[in-house]
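Quick look at data_23.cif (mmCIF, C-alpha atoms and all ligand atoms):
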```
data_input
loop_
_atom_site.label_atom_id
_atom_site.label_comp_id
_atom_site.auth_asym_id
_atom_site.auth_seq_id
_atom_site.Cartn_x
_atom_site.Cartn_y
_atom_site.Cartn_z
CA MET A 8 6.67 16.32 -20.78
CA ILE A 9 4.91 18.21 -18.01
CA HIS A 10 1.13 17.99 -18.11
CA VAL A 11 -1.01 20.64 -16.44
CA TYR A 12 -4.76 20.22 -16.04
CA GLU A 13 -7.17 22.67 -14.42
CA ASN A 14 -10.39 21.69 -12.65
CA TYR A 15 -9.48 18.06 -13.26
CA SER A 16 -11.50 14.95 -12.36
CA LEU A 17 -9.81 12.56 -9.91
CA LEU A 18 -12.10 9.66 -10.75
CA ALA A 19 -9.32 7.79 -12.57
CA HIS A 20 -6.84 8.61 -9.80
CA ASN A 21 -8.52 7.02 -6.79
CA THR A 22 -9.41 3.34 -6.59
CA PHE A 23 -12.38 4.12 -4.31
CA GLY A 24 -14.04 5.62 -7.37
CA ILE A 25 -14.95 8.89 -5.62
CA ASP A 26 -16.02 11.51 -8.15
CA VAL A 27 -14.21 14.69 -7.07
CA LYS A 28 -12.06 17.28 -8.82
CA THR A 29 -8.83 19.07 -8.09
CA ALA A 30 -8.21 22.72 -8.86
CA ARG A 31 -4.90 21.77 -10.54
CA PHE A 32 -3.28 18.50 -11.54
CA LEU A 33 0.42 18.42 -12.43
CA GLU A 34 2.11 15.40 -13.93
CA TYR A 35 5.83 15.05 -14.66
CA GLU A 36 7.78 12.35 -16.48
CA THR A 37 11.37 12.94 -15.36
CA VAL A 38 13.29 14.07 -12.29
CA ASN A 39 14.34 17.14 -14.27
CA GLU A 40 10.75 18.10 -14.93
CA LEU A 41 9.99 17.90 -11.21
CA ARG A 42 13.02 20.14 -10.55
CA GLU A 43 11.59 22.55 -13.13
CA LEU A 44 8.14 22.60 -11.48
CA ILE A 45 9.79 23.34 -8.12
CA GLN A 46 12.05 26.10 -9.52
CA GLN A 47 9.12 27.73 -11.30
CA LYS A 48 7.17 27.62 -8.01
CA GLN A 49 4.28 25.88 -9.72
CA ILE A 50 3.69 23.63 -6.70
CA THR A 51 1.61 25.97 -4.58
CA GLN A 52 -0.10 25.08 -1.27
CA PRO A 53 -2.11 23.12 -0.46
CA CYS A 54 -0.49 20.34 -2.40
CA LEU A 55 -0.73 16.59 -2.33
CA HIS A 56 1.49 14.10 -4.12
CA ILE A 57 -0.40 10.97 -5.12
CA GLY A 58 0.62 7.61 -6.54
CA GLY A 59 -2.01 5.25 -7.91
CA GLY A 60 -4.61 6.64 -5.48
CA SER A 61 -5.05 3.18 -3.98
CA ASN A 62 -4.76 4.32 -0.39
CA LEU A 63 -6.67 7.60 -0.50
CA LEU A 64 -10.18 8.70 0.29
CA PHE A 65 -11.22 12.10 -1.05
CA LYS A 66 -13.87 13.78 1.09
CA ASN A 67 -14.35 16.82 -1.15
CA ASP A 68 -13.04 18.52 -4.24
CA TYR A 69 -9.35 19.29 -3.67
CA PRO A 70 -8.69 23.04 -3.53
CA GLY A 71 -5.00 22.95 -4.46
CA VAL A 72 -2.40 21.17 -6.55
CA ILE A 73 -2.27 17.42 -6.96
CA LEU A 74 1.06 16.10 -8.20
CA HIS A 75 1.64 12.80 -9.91
CA SER A 76 4.88 11.16 -11.01
CA ARG A 77 5.16 9.43 -14.34
CA ILE A 78 8.86 8.75 -13.85
CA THR A 79 9.37 5.35 -15.44
CA GLY A 80 12.37 3.11 -15.96
CA ILE A 81 13.88 0.07 -14.31
CA GLU A 82 17.66 0.18 -14.45
CA VAL A 83 20.20 -2.32 -13.14
CA VAL A 84 22.72 -0.31 -11.14
CA GLU A 85 24.78 -3.19 -9.76
CA GLU A 86 24.84 -6.93 -10.06
CA ASN A 87 26.81 -9.76 -8.52
CA GLU A 88 26.37 -13.50 -8.11
CA GLU A 89 23.90 -13.19 -5.25
CA ALA A 90 21.90 -10.11 -5.98
CA VAL A 91 20.81 -7.45 -8.40
CA TYR A 92 20.28 -3.78 -7.51
CA LEU A 93 17.66 -1.88 -9.49
CA ARG A 94 16.82 1.81 -9.62
CA VAL A 95 13.11 2.16 -10.37
CA GLY A 96 11.09 5.27 -11.22
CA SER A 97 8.42 6.31 -8.70
CA GLY A 98 5.75 6.24 -11.41
CA VAL A 99 6.30 2.59 -12.38
CA VAL A 100 3.21 0.52 -11.61
CA TRP A 101 4.15 -1.65 -8.62
CA ASP A 102 2.87 -4.89 -10.09
CA ASP A 103 4.72 -4.27 -13.38
CA PHE A 104 7.90 -4.17 -11.30
CA VAL A 105 6.96 -7.45 -9.58
CA ALA A 106 6.30 -9.05 -12.99
CA TYR A 107 9.67 -7.76 -14.26
CA CYS A 108 11.51 -9.38 -11.34
CA VAL A 109 9.61 -12.66 -11.52
CA ALA A 110 10.28 -12.93 -15.28
CA ARG A 111 14.04 -12.59 -14.64
CA ASN A 112 14.06 -15.07 -11.75
CA TRP A 113 14.91 -12.46 -9.13
CA TYR A 114 13.58 -13.25 -5.67
CA GLY A 115 11.85 -11.07 -3.10
CA ALA A 116 8.92 -9.22 -4.67
CA GLU A 117 6.65 -12.15 -5.62
CA ASN A 118 4.54 -12.18 -2.42
CA LEU A 119 3.70 -8.54 -3.13
CA THR A 120 1.98 -9.48 -6.41
CA ASP A 121 -1.06 -7.46 -7.45
CA ILE A 122 -0.81 -4.81 -4.76
CA PRO A 123 -2.33 -1.77 -6.46
CA GLY A 124 -0.29 1.43 -6.64
CA GLU A 125 3.07 2.69 -7.82
CA VAL A 126 6.70 2.28 -6.79
CA GLY A 127 7.04 5.68 -5.07
CA ALA A 128 4.06 5.00 -2.84
CA SER A 129 5.27 1.47 -2.10
CA ALA A 130 8.16 3.04 -0.17
CA VAL A 131 6.04 5.71 1.52
CA GLN A 132 3.52 3.11 2.68
CA ASN A 133 5.93 0.21 3.27
CA ILE A 134 3.46 -2.07 1.51
CA GLY A 135 3.24 -5.63 2.72
CA ALA A 136 1.42 -8.88 2.16
CA TYR A 137 1.79 -12.62 2.78
CA GLY A 138 4.72 -12.26 5.17
CA ALA A 139 6.73 -9.86 2.98
CA GLU A 140 7.27 -6.13 3.35
CA VAL A 141 8.82 -3.86 0.76
CA LYS A 142 11.25 -2.45 3.37
CA ASP A 143 13.12 -5.74 3.14
CA LEU A 144 13.87 -5.07 -0.55
CA ILE A 145 14.60 -1.35 -0.37
CA VAL A 146 18.23 -0.21 -0.34
CA SER A 147 17.60 3.53 -0.63
CA VAL A 148 15.03 6.12 -1.65
CA ASP A 149 15.80 9.21 -3.76
CA THR A 150 13.77 12.34 -2.96
CA ILE A 151 13.40 16.03 -3.72
CA ASN A 152 11.66 18.49 -1.43
CA LEU A 153 9.78 21.66 -2.20
CA GLN A 154 12.93 23.71 -1.54
CA GLY A 155 14.60 21.79 -4.35
CA GLU A 156 16.90 19.87 -1.97
CA GLU A 157 17.73 16.38 -3.18
CA ARG A 158 18.43 13.63 -0.68
CA THR A 159 18.90 9.90 -0.82
CA TYR A 160 17.64 8.11 2.30
CA THR A 161 19.30 4.81 3.15
CA ASN A 162 16.96 2.04 4.28
CA ALA A 163 17.88 2.72 7.92
CA GLU A 164 17.05 6.41 7.49
CA CYS A 165 13.59 5.65 6.08
CA GLY A 166 12.16 4.76 9.52
CA PHE A 167 10.26 1.79 8.17
CA SER A 168 7.80 -0.12 10.32
CA TYR A 169 4.39 -1.70 9.69
CA ARG A 170 2.77 0.50 6.98
CA GLN A 171 4.97 3.40 8.10
CA SER A 172 7.95 5.39 6.88
CA ILE A 173 9.52 8.78 7.49
CA PHE A 174 7.99 9.94 4.20
CA LYS A 175 4.53 9.96 5.79
CA GLN A 176 5.73 12.61 8.23
CA LEU A 177 7.89 14.70 5.91
CA GLN A 178 5.72 17.34 4.32
CA ASN A 179 6.41 18.10 0.67
CA THR A 180 9.18 15.57 0.14
CA PHE A 181 8.65 13.68 -3.07
CA VAL A 182 10.02 10.23 -3.86
CA THR A 183 11.56 10.17 -7.34
CA GLN A 184 13.26 6.78 -7.51
CA VAL A 185 13.74 3.73 -5.32
CA VAL A 186 16.69 1.33 -5.32
CA PHE A 187 15.75 -2.29 -4.62
CA LYS A 188 17.87 -5.37 -3.98
CA LEU A 189 16.50 -8.65 -5.32
CA GLY A 190 18.05 -12.04 -4.66
CA LYS A 191 19.34 -14.42 -7.31
CA SER A 192 19.25 -17.61 -5.27
CA GLU A 193 16.07 -19.41 -4.36
CA ARG A 194 14.39 -18.02 -1.26
CA PHE A 195 10.65 -18.16 -0.71
CA LEU A 196 8.36 -16.92 2.06
CA LEU A 197 5.55 -19.46 2.07
CA ASP A 198 4.33 -19.68 5.64
CA TYR A 199 1.67 -17.00 5.62
CA GLY A 200 -1.99 -17.98 5.48
CA THR A 201 -2.92 -20.60 2.91
CA ILE A 202 0.07 -20.25 0.55
CA ARG A 203 1.55 -23.67 1.34
CA GLU A 204 -1.87 -25.28 1.10
CA GLU A 205 -2.49 -23.78 -2.36
CA LEU A 206 1.00 -24.77 -3.55
CA LYS A 207 0.13 -28.45 -3.13
CA GLN A 208 -1.75 -28.22 -6.43
CA TYR A 209 1.46 -27.43 -8.33
CA PRO A 210 4.27 -29.86 -9.24
CA ALA A 211 7.03 -27.41 -8.28
CA VAL A 212 7.45 -24.14 -6.46
CA THR A 213 8.77 -21.45 -8.79
CA LEU A 214 8.56 -17.67 -8.71
CA ALA A 215 5.85 -17.74 -11.37
CA VAL A 216 3.86 -20.29 -9.35
CA VAL A 217 4.11 -18.25 -6.14
CA ARG A 218 2.98 -15.19 -8.08
CA GLU A 219 0.00 -17.12 -9.42
CA VAL A 220 -0.93 -18.48 -5.99
CA VAL A 221 -0.75 -15.04 -4.35
CA ARG A 222 -2.88 -13.66 -7.18
CA LYS A 223 -5.44 -16.43 -6.65
CA ILE A 224 -5.64 -15.90 -2.88
CA ARG A 225 -5.88 -12.12 -3.23
CA SER A 226 -8.59 -12.24 -5.87
CA SER A 227 -10.67 -14.63 -3.77
CA LYS A 228 -10.74 -12.13 -0.89
CA LEU A 229 -10.13 -8.65 -2.23
CA PRO A 230 -12.48 -6.87 -4.62
CA ASP A 231 -11.06 -5.66 -7.94
CA PRO A 232 -11.18 -1.82 -7.87
CA LYS A 233 -12.18 -1.90 -11.54
CA GLU A 234 -15.36 -3.70 -10.55
CA GLN A 235 -16.04 -2.17 -7.13
CA GLY A 236 -14.32 0.89 -5.69
CA ASN A 237 -12.11 0.14 -2.68
CA ALA A 238 -8.67 0.85 -1.28
CA GLY A 239 -7.66 -2.60 -0.05
CA SER A 240 -7.47 -2.84 3.72
CA PHE A 241 -9.25 0.20 5.09
CA PHE A 242 -7.87 -0.32 8.61
CA MET A 243 -4.49 -1.27 9.97
CA ASN A 244 -4.18 -4.32 12.16
CA PRO A 245 -3.79 -3.00 15.71
CA VAL A 246 -0.71 -3.89 17.72
CA VAL A 247 -1.56 -4.38 21.40
CA PRO A 248 0.39 -5.20 24.58
CA ARG A 249 0.61 -8.95 25.13
CA ALA A 250 -1.37 -8.67 28.40
CA VAL A 251 -4.31 -7.19 26.48
CA PHE A 252 -4.20 -10.04 23.99
CA ASP A 253 -3.90 -12.67 26.76
CA SER A 254 -7.05 -11.47 28.46
CA LEU A 255 -8.99 -11.25 25.17
CA LYS A 256 -7.82 -14.74 24.25
CA ILE A 257 -9.62 -16.12 27.33
CA GLN A 258 -12.89 -14.63 26.10
CA TYR A 259 -12.23 -15.32 22.39
CA PRO A 260 -10.06 -18.45 22.14
CA ALA A 261 -10.28 -18.44 18.33
CA MET A 262 -8.82 -14.93 17.99
CA PRO A 263 -6.07 -15.08 15.33
CA HIS A 264 -2.87 -13.17 16.06
CA TYR A 265 0.72 -12.56 14.98
CA ASP A 266 3.54 -12.05 17.47
CA VAL A 267 5.30 -8.74 16.82
CA ASP A 268 7.88 -9.19 19.60
CA ALA A 269 7.99 -10.48 23.17
CA ASP A 270 5.72 -7.69 24.43
CA ARG A 271 3.39 -6.98 21.52
CA VAL A 272 0.82 -8.85 19.47
CA LYS A 273 -0.91 -7.86 16.22
CA ILE A 274 -4.60 -8.72 16.00
CA PRO A 275 -6.36 -8.85 12.59
CA ALA A 276 -8.86 -5.98 12.48
CA GLY A 277 -10.74 -7.88 9.76
CA TRP A 278 -11.44 -10.74 12.17
CA MET A 279 -12.76 -8.35 14.84
CA ILE A 280 -14.94 -6.47 12.34
CA ASP A 281 -16.26 -9.81 11.10
CA GLN A 282 -17.04 -10.86 14.69
CA CYS A 283 -19.02 -7.65 15.08
CA GLY A 284 -21.25 -8.85 12.24
CA TRP A 285 -20.27 -6.20 9.70
CA LYS A 286 -19.23 -8.45 6.80
CA GLY A 287 -21.45 -7.75 3.79
CA LYS A 288 -23.34 -4.97 5.62
CA ALA A 289 -23.70 -1.41 4.34
CA ILE A 290 -24.73 2.08 5.29
CA GLY A 291 -26.15 3.56 2.11
CA ALA A 292 -23.67 3.17 -0.74
CA ALA A 293 -20.75 2.42 1.59
CA GLY A 294 -20.30 -1.26 2.36
CA VAL A 295 -18.11 -3.77 4.19
CA HIS A 296 -16.80 -6.30 1.67
CA ASP A 297 -18.56 -9.66 1.94
CA LYS A 298 -15.35 -11.75 1.68
CA GLN A 299 -12.94 -9.64 3.77
CA ALA A 300 -14.28 -7.38 6.50
CA LEU A 301 -11.12 -5.25 6.52
CA VAL A 302 -12.10 -3.76 3.16
CA LEU A 303 -14.70 -1.02 2.75
CA VAL A 304 -16.27 -0.73 -0.68
CA ASN A 305 -18.07 1.84 -2.76
CA ARG A 306 -21.26 0.09 -3.83
CA GLY A 307 -21.84 2.83 -6.40
CA GLY A 308 -21.96 6.58 -6.06
CA ALA A 309 -20.64 6.72 -2.47
CA THR A 310 -19.02 9.95 -1.33
CA GLY A 311 -15.95 10.11 0.88
CA GLU A 312 -18.21 11.18 3.74
CA ASP A 313 -20.38 8.05 3.22
CA ILE A 314 -17.31 5.82 3.53
CA LEU A 315 -16.14 7.70 6.63
CA ARG A 316 -19.56 7.38 8.26
CA LEU A 317 -19.35 3.60 7.82
CA SER A 318 -15.73 3.59 8.99
CA ALA A 319 -16.69 5.43 12.22
CA ALA A 320 -19.53 2.97 12.91
CA VAL A 321 -17.21 -0.01 12.36
CA GLN A 322 -14.53 1.51 14.64
CA GLN A 323 -17.13 2.08 17.37
CA SER A 324 -18.37 -1.53 17.19
CA VAL A 325 -14.84 -2.91 17.53
CA LEU A 326 -14.13 -0.57 20.43
CA ASP A 327 -17.37 -1.57 22.18
CA LYS A 328 -16.84 -5.32 21.73
CA PHE A 329 -13.07 -5.70 22.12
CA GLY A 330 -11.96 -2.46 23.80
CA ILE A 331 -9.51 -1.89 20.91
CA ALA A 332 -9.32 1.29 18.84
CA ILE A 333 -8.60 0.54 15.19
CA SER A 334 -7.24 3.23 12.86
CA PRO A 335 -7.62 3.67 9.12
CA GLU A 336 -4.72 2.74 6.89
CA VAL A 337 -6.35 4.78 4.15
CA LYS A 338 -5.59 8.50 4.18
CA ALA A 339 -8.67 10.75 4.15
CA VAL A 340 -8.08 13.98 2.22
CA GLY A 341 -10.07 17.21 2.34
N1 LIG B 401 -10.39 -12.71 9.02
C1 LIG B 401 -11.69 -13.06 9.31
N2 LIG B 401 -12.70 -12.38 8.69
C2 LIG B 401 -12.45 -11.40 7.80
C3 LIG B 401 -11.12 -11.05 7.50
C4 LIG B 401 -10.09 -11.72 8.13
O1 LIG B 401 -11.95 -13.93 10.11
O2 LIG B 401 -13.42 -10.83 7.29
C5 LIG B 401 -9.30 -13.47 9.65
C6 LIG B 401 -8.63 -14.43 8.66
O3 LIG B 401 -9.29 -15.66 8.63
C7 LIG B 401 -7.25 -14.55 9.23
C8 LIG B 401 -7.00 -13.18 9.82
O4 LIG B 401 -8.26 -12.59 10.03
O5 LIG B 401 -7.21 -15.47 10.26
C9 LIG B 401 -6.14 -12.31 8.92
O6 LIG B 401 -6.74 -12.16 7.65
P1 LIG B 401 -5.87 -12.05 6.31
O7 LIG B 401 -4.82 -13.08 6.30
O8 LIG B 401 -6.85 -12.00 5.19
O9 LIG B 401 -5.05 -10.73 6.41
P2 LIG B 401 -5.41 -9.31 6.97
O10 LIG B 401 -4.82 -9.09 8.31
O11 LIG B 401 -6.88 -9.15 6.91
C10 LIG B 401 -3.25 -8.20 5.93
C11 LIG B 401 -2.94 -6.95 5.14
C12 LIG B 401 -3.34 -7.10 3.68
C13 LIG B 401 -2.59 -8.29 3.11
C14 LIG B 401 -2.95 -9.53 3.94
C15 LIG B 401 -2.17 -10.72 3.50
C16 LIG B 401 -3.12 -5.08 6.68
C17 LIG B 401 -3.90 -3.89 7.09
N3 LIG B 401 -3.64 -5.82 5.71
O12 LIG B 401 -4.68 -8.37 5.90
O13 LIG B 401 -2.93 -5.92 3.00
O14 LIG B 401 -2.93 -8.50 1.75
O15 LIG B 401 -2.61 -9.29 5.33
O16 LIG B 401 -0.86 -10.58 3.88
O17 LIG B 401 -2.06 -5.33 7.24
C18 LIG B 401 -3.69 -3.80 2.22
O18 LIG B 401 -2.88 -3.30 3.00
O19 LIG B 401 -4.44 -3.10 1.50
C19 LIG B 401 -3.84 -5.24 2.21
C20 LIG B 401 -4.77 -5.85 1.47
#
```
Let me see the file written as structure tokens.
Ligand code: EPU
Amino acid sequence: MIHVYENYSLLAHNTFGIDVKTARFLEYETVNELRELIQQKQITQPCLHIGGGSNLLFKNDYPGVILHSRITGIEVVEENEEAVYLRVGSGVVWDDFVAYCVARNWYGAENLTDIPGEVGASAVQNIGAYGAEVKDLIVSVDTINLQGEERTYTNAECGFSYRQSIFKQLQNTFVTQVVFKLGKSERFLLDYGTIREELKQYPAVTLAVVREVVRKIRSSKLPDPKEQGNAGSFFMNPVVPRAVFDSLKIQYPAMPHYDVDADRVKIPAGWMIDQCGWKGKAIGAAGVHDKQALVLVNRGGATGEDILRLSAAVQQSVLDKFGIAISPEVKAVG
């Protein structure tokens, strides 16, 4: 069924807990219903397609149409001895999909446990955590655009890189379903952060155990949006030329880093923000999380502008201290 709401509150649709409204909110449950909305020209401009609202910051009331997919369903489309291929609706809650795979002993999604959001947005954002990225599971992405043209993008055509995909550039192209490939034989990614350390407390490494460990590590660092509004990492980790890193390393020998390739190094923005003394600090109702400086939080009643004011101050500090410009991962709207 198609749901249409006018002058609709977005409070339940953004994890930052910003209290704004949209002129129109359209929700559809099937690909056919989305086709119908397009044919009937109900999707007028400006329009924004959202997922779980876990990577958005609304600055103002939205003056147009906000679209949301409730396309559900997880369907096995192919299976062999090594792998299973699943077509998943864009409206499926990401972590429900992870739970589904873990319960069936299918490998690949477990490190992405508890990432807020929905399956459609997972492809748009190329979500990642603990050494895994969703691009490594995606086979193809089904879309429809505002002209009603349907296209399936193969993984190679999606232009995936760190927190990036072609779908961020394509205006008015909506993800309807994603096909994933999960492995059937044991294969874990355990070398990121403290995963191996935590695993020592368990008698064996299983998918369920890895899921539990990731959940434990995440909840010790990241605030639960139900308790305190936030959108996970507010900034992306900057990728810099190796020469820049080498000279910073002389001044800051403890600077953590990940090699991207021979010429580029990724530096954790959270570490730099922490070094600037921002952890646990606030400007009004907008705060820097006290356990992970990469996360900005709504301490209660913050507006989008409040969060952006804090974000600008944090960016300036990092630029002043390290000479590195950091950019938001979160998309500001309005
Ligand atoms: N660090 C500090 N202080 C801080 C935060 C981090 O010193 O306040 C240091 C840590 O000690 C560590 C390094 O910085 O040495 C990296 O920190 P962490 O492993 O916590 O990861 P991150 O770079 O801060 C990224 C992702 C997260 C993902 C984690 C784990 C981005 C923008 N963020 O964070 O993704 O969960 O790795 O893989 O790439 C998200 O995108 O919303 C998100 C939470």
Interface rows for chain A against ligand LIG 401 (chain B): nearest pair, Å to one decimal, 7 Å, all atoms listed in the file, as JSON lines:
```
{"residue": "A:Ile134", "atom": "CA", "partner": "B:LIG401", "partner_atom": "O18", "distance": 6.6}
{"residue": "A:Gly135", "atom": "CA", "partner": "B:LIG401", "partner_atom": "O13", "distance": 6.2}
{"residue": "A:Ala136", "atom": "CA", "partner": "B:LIG401", "partner_atom": "O16", "distance": 3.3}
{"residue": "A:Tyr137", "atom": "CA", "partner": "B:LIG401", "partner_atom": "O16", "distance": 3.5}
{"residue": "A:Gly138", "atom": "CA", "partner": "B:LIG401", "partner_atom": "O16", "distance": 6.0}
{"residue": "A:Gly200", "atom": "CA", "partner": "B:LIG401", "partner_atom": "O7", "distance": 5.7}
{"residue": "A:Arg225", "atom": "CA", "partner": "B:LIG401", "partner_atom": "O14", "distance": 6.8}
{"residue": "A:Ala238", "atom": "CA", "partner": "B:LIG401", "partner_atom": "O19", "distance": 6.4}
{"residue": "A:Gly239", "atom": "CA", "partner": "B:LIG401", "partner_atom": "O19", "distance": 3.6}
{"residue": "A:Ser240", "atom": "CA", "partner": "B:LIG401", "partner_atom": "O19", "distance": 3.8}
{"residue": "A:Phe241", "atom": "CA", "partner": "B:LIG401", "partner_atom": "O19", "distance": 6.8}
{"residue": "A:Phe242", "atom": "CA", "partner": "B:LIG401", "partner_atom": "C17", "distance": 5.6}
{"residue": "A:Met243", "atom": "CA", "partner": "B:LIG401", "partner_atom": "C17", "distance": 3.9}
{"residue": "A:Asn244", "atom": "CA", "partner": "B:LIG401", "partner_atom": "C17", "distance": 5.1}
{"residue": "A:Pro263", "atom": "CA", "partner": "B:LIG401", "partner_atom": "O5", "distance": 5.2}
{"residue": "A:Pro275", "atom": "CA", "partner": "B:LIG401", "partner_atom": "O10", "distance": 4.6}
{"residue": "A:Ala276", "atom": "CA", "partner": "B:LIG401", "partner_atom": "O10", "distance": 6.6}
{"residue": "A:Gly277", "atom": "CA", "partner": "B:LIG401", "partner_atom": "C3", "distance": 3.9}
{"residue": "A:Trp278", "atom": "CA", "partner": "B:LIG401", "partner_atom": "C1", "distance": 3.7}
{"residue": "A:Ile280", "atom": "CA", "partner": "B:LIG401", "partner_atom": "O2", "distance": 6.8}
{"residue": "A:Asp281", "atom": "CA", "partner": "B:LIG401", "partner_atom": "O2", "distance": 4.9}
{"residue": "A:Lys286", "atom": "CA", "partner": "B:LIG401", "partner_atom": "O2", "distance": 6.3}
{"residue": "A:Lys298", "atom": "CA", "partner": "B:LIG401", "partner_atom": "O2", "distance": 6.0}
{"residue": "A:Gln299", "atom": "CA", "partner": "B:LIG401", "partner_atom": "O2", "distance": 3.7}
{"residue": "A:Ala300", "atom": "CA", "partner": "B:LIG401", "partner_atom": "O2", "distance": 3.6}
{"residue": "A:Leu301", "atom": "CA", "partner": "B:LIG401", "partner_atom": "O11", "distance": 5.8}
{"residue": "A:Glu336", "atom": "CA", "partner": "B:LIG401", "partner_atom": "C17", "distance": 6.7}
```
Dump C-alpha atoms for the selected residues as an mmCIF file, in the coordinates of the input?
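Result went into part01.cif, see below:
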```cif
data_model
loop_
_atom_site.group_PDB
_atom_site.id
_atom_site.type_symbol
_atom_site.label_atom_id
_atom_site.label_comp_id
_atom_site.auth_asym_id
_atom_site.auth_seq_id
_atom_site.Cartn_x
_atom_site.Cartn_y
_atom_site.Cartn_z
ATOM 1 C CA ILE A 134 3.460 -2.070 1.510
ATOM 2 C CA GLY A 135 3.240 -5.630 2.720
ATOM 3 C CA ALA A 136 1.420 -8.880 2.160
ATOM 4 C CA TYR A 137 1.790 -12.620 2.780
ATOM 5 C CA GLY A 138 4.720 -12.260 5.170
ATOM 6 C CA GLY A 200 -1.990 -17.980 5.480
ATOM 7 C CA ARG A 225 -5.880 -12.120 -3.230
ATOM 8 C CA ALA A 238 -8.670 0.850 -1.280
ATOM 9 C CA GLY A 239 -7.660 -2.600 -0.050
ATOM 10 C CA SER A 240 -7.470 -2.840 3.720
ATOM 11 C CA PHE A 241 -9.250 0.200 5.090
ATOM 12 C CA PHE A 242 -7.870 -0.320 8.610
ATOM 13 C CA MET A 243 -4.490 -1.270 9.970
ATOM 14 C CA ASN A 244 -4.180 -4.320 12.160
ATOM 15 C CA PRO A 263 -6.070 -15.080 15.330
ATOM 16 C CA PRO A 275 -6.360 -8.850 12.590
ATOM 17 C CA ALA A 276 -8.860 -5.980 12.480
ATOM 18 C CA GLY A 277 -10.740 -7.880 9.760
ATOM 19 C CA TRP A 278 -11.440 -10.740 12.170
ATOM 20 C CA ILE A 280 -14.940 -6.470 12.340
ATOM 21 C CA ASP A 281 -16.260 -9.810 11.100
ATOM 22 C CA LYS A 286 -19.230 -8.450 6.800
ATOM 23 C CA LYS A 298 -15.350 -11.750 1.680
ATOM 24 C CA GLN A 299 -12.940 -9.640 3.770
ATOM 25 C CA ALA A 300 -14.280 -7.380 6.500
ATOM 26 C CA LEU A 301 -11.120 -5.250 6.520
ATOM 27 C CA GLU A 336 -4.720 2.740 6.890
#
```
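Each of A:Lys48, A:Arg42, A:Arg111, A:Lys188 was compared to Leu144 in chain A using all atoms listed in the file, and A:Lys188 turns out to be the nearest.
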Could you give me, as a PyMOL selection string, the residues within 9 Å of Phe167 in chain A, counting all atoms listed in the file and dropping anything in the same chain fewer than 5 positions from it? chain A and resi 130-133+142+162+172-173
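Summary of the local environment: counting all atoms listed in the file, residues at most 10 Å from Asp268 in chain A, other than itself and those fewer than 5 positions away along its chain, are Pro248, Arg249 and Lys273 of chain A.
Distance annotation: of A:Val141, A:Gly71, A:Glu13, A:Asp327, the residue with the minimal separation from Cys165 in chain A is A:Val141; atom set is only C-alpha atoms.
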Mind checking which residues fall within 9 Å of Asn237 in chain A, counting all atoms listed in the file, ignoring those fewer than 6 positions away in the same chain, and posting them as JSON, numbers by chain? {"A": [21, 22, 23, 24, 61, 62, 230, 231, 302, 303, 304, 305]}
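For the point (10.2, 6.2, -16.7), the residues with an atom at a distance of at most 8 Å are Glu36, Thr37, Arg77, Ile78, Thr79, Gly80, Ile81, Gly96, Gly98 and Val99 of chain A, counting all atoms listed in the file.
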Measure the distance from CA of Asp297 in chain A to CA of Ile333 in chain A in Å and round it to one decimal. 19.5 Å
For Asp143 in chain A, which residue out of A:Ile257, A:Ala163, A:Ile57, A:Ala289 is the nearest one, using only C-alpha atoms? A:Ala163
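Using all atoms listed in the file, the nearest neighbour of Asp313 in chain A within the list A:Leu326, A:Val109, A:Val246, A:Ala292 is A:Ala292.
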Residues proximal to (13.9, 10.3, 1.0) were defined as those with any atom within 10 Å of that point in the file's coordinates, counting all atoms listed in the file. Which are they, as a PDB file with C-alpha atoms, keeping the file's coordinate frame?
```pdb
ATOM      1  CA  ALA A 130       8.160   3.040  -0.170  1.00  0.00           C
ATOM      2  CA  VAL A 131       6.040   5.710   1.520  1.00  0.00           C
ATOM      3  CA  SER A 147      17.600   3.530  -0.630  1.00  0.00           C
ATOM      4  CA  VAL A 148      15.030   6.120  -1.650  1.00  0.00           C
ATOM      5  CA  ASP A 149      15.800   9.210  -3.760  1.00  0.00           C
ATOM      6  CA  THR A 150      13.770  12.340  -2.960  1.00  0.00           C
ATOM      7  CA  ILE A 151      13.400  16.030  -3.720  1.00  0.00           C
ATOM      8  CA  ASN A 152      11.660  18.490  -1.430  1.00  0.00           C
ATOM      9  CA  GLU A 157      17.730  16.380  -3.180  1.00  0.00           C
ATOM     10  CA  ARG A 158      18.430  13.630  -0.680  1.00  0.00           C
ATOM     11  CA  THR A 159      18.900   9.900  -0.820  1.00  0.00           C
ATOM     12  CA  TYR A 160      17.640   8.110   2.300  1.00  0.00           C
ATOM     13  CA  THR A 161      19.300   4.810   3.150  1.00  0.00           C
ATOM     14  CA  ASN A 162      16.960   2.040   4.280  1.00  0.00           C
ATOM     15  CA  GLU A 164      17.050   6.410   7.490  1.00  0.00           C
ATOM     16  CA  CYS A 165      13.590   5.650   6.080  1.00  0.00           C
ATOM     17  CA  SER A 172       7.950   5.390   6.880  1.00  0.00           C
ATOM     18  CA  ILE A 173       9.520   8.780   7.490  1.00  0.00           C
ATOM     19  CA  PHE A 174       7.990   9.940   4.200  1.00  0.00           C
ATOM     20  CA  LEU A 177       7.890  14.700   5.910  1.00  0.00           C
ATOM     21  CA  THR A 180       9.180  15.570   0.140  1.00  0.00           C
ATOM     22  CA  PHE A 181       8.650  13.680  -3.070  1.00  0.00           C
ATOM     23  CA  VAL A 182      10.020  10.230  -3.860  1.00  0.00           C
ATOM     24  CA  THR A 183      11.560  10.170  -7.340  1.00  0.00           C
ATOM     25  CA  GLN A 184      13.260   6.780  -7.510  1.00  0.00           C
ATOM     26  CA  VAL A 185      13.740   3.730  -5.320  1.00  0.00           C
TER      27      VAL A 185
END
```
